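Student: Structure below; questions to follow.
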Amino acid sequence: FAQTDPFGGAVLLAFYTGMRPGEIAALKWADVDFDERVLTVRGTVGRVDGGYGVRSATKTKRIRHIVLSDELYSVLEKMRAESSNIGYVLHDKNGKWLSPDQYRRRYEAFFHRLNSTLPKDQPPVKIMSPHKCRHSFATYLLACGANIRAVQAMLGHAVVSTTQKYTHVDIEEGRANISKLKYN
């Protein structure tokens, strides 16, 4: 569904990069290196001078690089083919970056459209905040054995202790693994 929905690429971008919503809204095509398959996070959309605007720095004031997975690379190629002449990856009808409110409304509308396609006997997908995509990205990477310092760098956390909150061990996983402990 996400591959064909008008805002699906944005949702996949969040899940495959762990970028903050404001960082996704500020992302420009010039920040995506298709040859090297690397995305550069440089800025964010947020409050400036009593309104919203693009800030030239991220929350932690650091530029960071995220390697594109094959899945995300394909999604971005498709998005670029549809709107590469516009500077921003996500944009309104005038080619301007999305405000946090526009981003949130489009994000929620995506899930409403997704739920409308589900069979009647299937429960709807719960709409979580866009920031939950960031949490999912980190949690799944760490659960799959990714290096915590690499995840820290991709998320742009200033200190590793912030990233460590994603390393919590699931209780059921703990129960399944404790049986493997044998002292002989």
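By order of appearance in the structure tokens: chains A, B, ..., then residues from 1 within every chain, and ligands from 1 in the order shown.
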So which residues touch segment 67-76 of chain A within 8 Å, counting only C-alpha atoms, skipping near sequence neighbours fewer than 2 positions away, as an NGL selection string?
Tutor: :A and (3 or 9 or 12-13 or 16-17 or 34 or 37-39 or 65 or 78-80)
Student: From a DSSP pass on the backbone, collect the residues of segment 68-102 of chain A flagged as alpha helix (DSSP H) and hand them back as a list in words.
Tutor: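 DSSP-assigned alpha helix (DSSP H) residues in segment 68-102 of chain A: Asp70, Glu71, Leu72, Tyr73, Ser74, Val75, Leu76, Glu77, Lys78, Met79, Arg80, Ala81, Glu82, Ser83, Pro100, Asp101 and Gln102 of chain A.
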Student: Quick check for you: according to DSSP on this backbone, which residues of chain A are classed as strand (DSSP E or B)? Reply as a PyMOL selection string.
Tutor: chain A and resi 28+32-33+38-41+44-48+51-55+64-67+88
Student: Give me the residues within 8 Å of Thr60 of chain A as a PyMOL selection string, counting only C-alpha atoms and dropping any in the same chain fewer than 3 places off.
Tutor: chain A and resi 57+156-158
Student: Pull N, CA, C and O atoms from the residues just selected and write them as an mmCIF file, in the first residue's frame.
Tutor:
data_model
loop_
_atom_site.group_PDB
_atom_site.id
_atom_site.type_symbol
_atom_site.label_atom_id
_atom_site.label_comp_id
_atom_site.auth_asym_id
_atom_site.auth_seq_id
_atom_site.Cartn_x
_atom_site.Cartn_y
_atom_site.Cartn_z
ATOM 1 N N ALA A 57 19.997 23.799 10.651
ATOM 2 C CA ALA A 57 20.657 22.796 11.494
ATOM 3 C C ALA A 57 19.607 21.883 12.111
ATOM 4 O O ALA A 57 18.448 22.263 12.282
ATOM 5 N N GLY A 156 21.312 10.699 15.229
ATOM 6 C CA GLY A 156 21.784 12.033 15.585
ATOM 7 C C GLY A 156 21.724 12.310 17.071
ATOM 8 O O GLY A 156 21.648 13.465 17.492
ATOM 9 N N HIS A 157 21.756 11.262 17.880
ATOM 10 C CA HIS A 157 21.770 11.460 19.324
ATOM 11 C C HIS A 157 23.126 11.988 19.767
ATOM 12 O O HIS A 157 24.165 11.483 19.340
ATOM 13 N N ALA A 158 23.116 12.978 20.642
ATOM 14 C CA ALA A 158 24.358 13.571 21.121
ATOM 15 C C ALA A 158 25.119 12.609 22.032
ATOM 16 O O ALA A 158 26.348 12.584 22.020
#
Student: Considering only C-alpha atoms, return as a VMD selection string whatever protein or nucleic-acid residues lie within 12 Å of Leu141 of chain A, sequence-local ones (same chain, fewer than 2 positions apart) excluded.
Tutor: chain A and resid 15 to 18 134 to 139 143 to 152 154 to 155 163 166 to 167
Student: What would the file look like if the residues just selected were written as an mmCIF file, in the first residue's frame with N, CA and C atoms?
Tutor:
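Printed below is out04.cif as written:
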data_model
loop_
_atom_site.group_PDB
_atom_site.id
_atom_site.type_symbol
_atom_site.label_atom_id
_atom_site.label_comp_id
_atom_site.auth_asym_id
_atom_site.auth_seq_id
_atom_site.Cartn_x
_atom_site.Cartn_y
_atom_site.Cartn_z
ATOM 1 N N PHE A 15 10.267 5.295 8.441
ATOM 2 C CA PHE A 15 10.567 3.966 8.972
ATOM 3 C C PHE A 15 11.965 3.472 8.600
ATOM 4 N N TYR A 16 12.462 3.847 7.437
ATOM 5 C CA TYR A 16 13.756 3.349 6.972
ATOM 6 C C TYR A 16 14.943 4.247 7.300
ATOM 7 N N THR A 17 14.691 5.429 7.892
ATOM 8 C CA THR A 17 15.810 6.318 8.226
ATOM 9 C C THR A 17 15.829 6.728 9.686
ATOM 10 N N GLY A 18 14.693 6.689 10.352
ATOM 11 C CA GLY A 18 14.628 7.158 11.733
ATOM 12 C C GLY A 18 14.689 8.675 11.837
ATOM 13 N N ARG A 134 10.490 6.669 14.188
ATOM 14 C CA ARG A 134 11.882 6.821 14.631
ATOM 15 C C ARG A 134 12.218 5.776 15.696
ATOM 16 N N HIS A 135 11.301 5.610 16.634
ATOM 17 C CA HIS A 135 11.503 4.612 17.687
ATOM 18 C C HIS A 135 11.553 3.203 17.104
ATOM 19 N N SER A 136 10.661 2.919 16.157
ATOM 20 C CA SER A 136 10.654 1.592 15.519
ATOM 21 C C SER A 136 11.958 1.338 14.787
ATOM 22 N N PHE A 137 12.427 2.310 14.044
ATOM 23 C CA PHE A 137 13.694 2.196 13.315
ATOM 24 C C PHE A 137 14.820 1.798 14.266
ATOM 25 N N ALA A 138 14.956 2.527 15.358
ATOM 26 C CA ALA A 138 16.036 2.258 16.310
ATOM 27 C C ALA A 138 15.866 0.904 16.994
ATOM 28 N N THR A 139 14.660 0.610 17.431
ATOM 29 C CA THR A 139 14.404 -0.640 18.144
ATOM 30 C C THR A 139 14.703 -1.853 17.263
ATOM 31 N N ALA A 143 17.605 -4.595 17.763
ATOM 32 C CA ALA A 143 17.165 -5.978 17.963
ATOM 33 C C ALA A 143 17.804 -6.916 16.952
ATOM 34 N N CYS A 144 18.135 -6.382 15.776
ATOM 35 C CA CYS A 144 18.771 -7.201 14.737
ATOM 36 C C CYS A 144 20.287 -7.234 14.872
ATOM 37 N N GLY A 145 20.809 -6.621 15.910
ATOM 38 C CA GLY A 145 22.236 -6.704 16.174
ATOM 39 C C GLY A 145 23.075 -5.550 15.665
ATOM 40 N N ALA A 146 22.451 -4.447 15.277
ATOM 41 C CA ALA A 146 23.223 -3.296 14.799
ATOM 42 C C ALA A 146 24.068 -2.721 15.935
ATOM 43 N N ASN A 147 25.185 -2.160 15.568
ATOM 44 C CA ASN A 147 26.090 -1.525 16.521
ATOM 45 C C ASN A 147 25.411 -0.287 17.099
ATOM 46 N N ILE A 148 25.402 -0.159 18.415
ATOM 47 C CA ILE A 148 24.697 0.945 19.062
ATOM 48 C C ILE A 148 25.290 2.302 18.678
ATOM 49 N N ARG A 149 26.591 2.373 18.458
ATOM 50 C CA ARG A 149 27.221 3.649 18.050
ATOM 51 C C ARG A 149 26.782 4.042 16.640
ATOM 52 N N ALA A 150 26.604 3.059 15.770
ATOM 53 C CA ALA A 150 26.134 3.342 14.411
ATOM 54 C C ALA A 150 24.700 3.848 14.451
ATOM 55 N N VAL A 151 23.863 3.242 15.284
ATOM 56 C CA VAL A 151 22.476 3.676 15.428
ATOM 57 C C VAL A 151 22.445 5.079 16.029
ATOM 58 N N GLN A 152 23.282 5.328 17.002
ATOM 59 C CA GLN A 152 23.383 6.662 17.606
ATOM 60 C C GLN A 152 23.695 7.707 16.537
ATOM 61 N N MET A 154 23.185 7.498 13.240
ATOM 62 C CA MET A 154 22.081 7.642 12.293
ATOM 63 C C MET A 154 20.939 8.463 12.874
ATOM 64 N N LEU A 155 20.679 8.296 14.170
ATOM 65 C CA LEU A 155 19.600 9.031 14.809
ATOM 66 C C LEU A 155 20.005 10.459 15.162
ATOM 67 N N THR A 163 20.340 6.667 23.021
ATOM 68 C CA THR A 163 20.098 5.536 22.127
ATOM 69 C C THR A 163 19.847 4.260 22.927
ATOM 70 N N TYR A 166 16.511 2.250 23.631
ATOM 71 C CA TYR A 166 15.915 1.339 22.656
ATOM 72 C C TYR A 166 16.413 -0.096 22.818
ATOM 73 N N THR A 167 17.294 -0.332 23.759
ATOM 74 C CA THR A 167 17.869 -1.669 23.914
ATOM 75 C C THR A 167 17.151 -2.497 24.967
#
Student: Could you check how far atom CA of Glu82 of chain A sits from atom CA of Leu27 of chain A, in Å to one decimal?
Tutor: 15.8 Å
Student: Can you pull out every residue within 10 Å of Glu23 of chain A, counting only C-alpha atoms, but drop anything in the same chain fewer than 4 positions away, and send it as a VMD selection string?
Tutor: chain A and resid 14 18 to 19 27 to 28 41 to 46 54 to 55 57 to 59
Student: Quick one, how far is atom CA of Lys96 of chain A from atom CA of Tyr52 of chain A?
Tutor: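 Going from atom CA of Lys96 of chain A over to atom CA of Tyr52 of chain A, I get 11.9 Å.
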Student: Excluding Gly87 of chain A and its own-chain neighbours fewer than 2 positions away, which residues fall within 7 Å of it when counting only C-alpha atoms? Please give them as a VMD selection string.
Tutor: chain A and resid 28 to 29 85 89
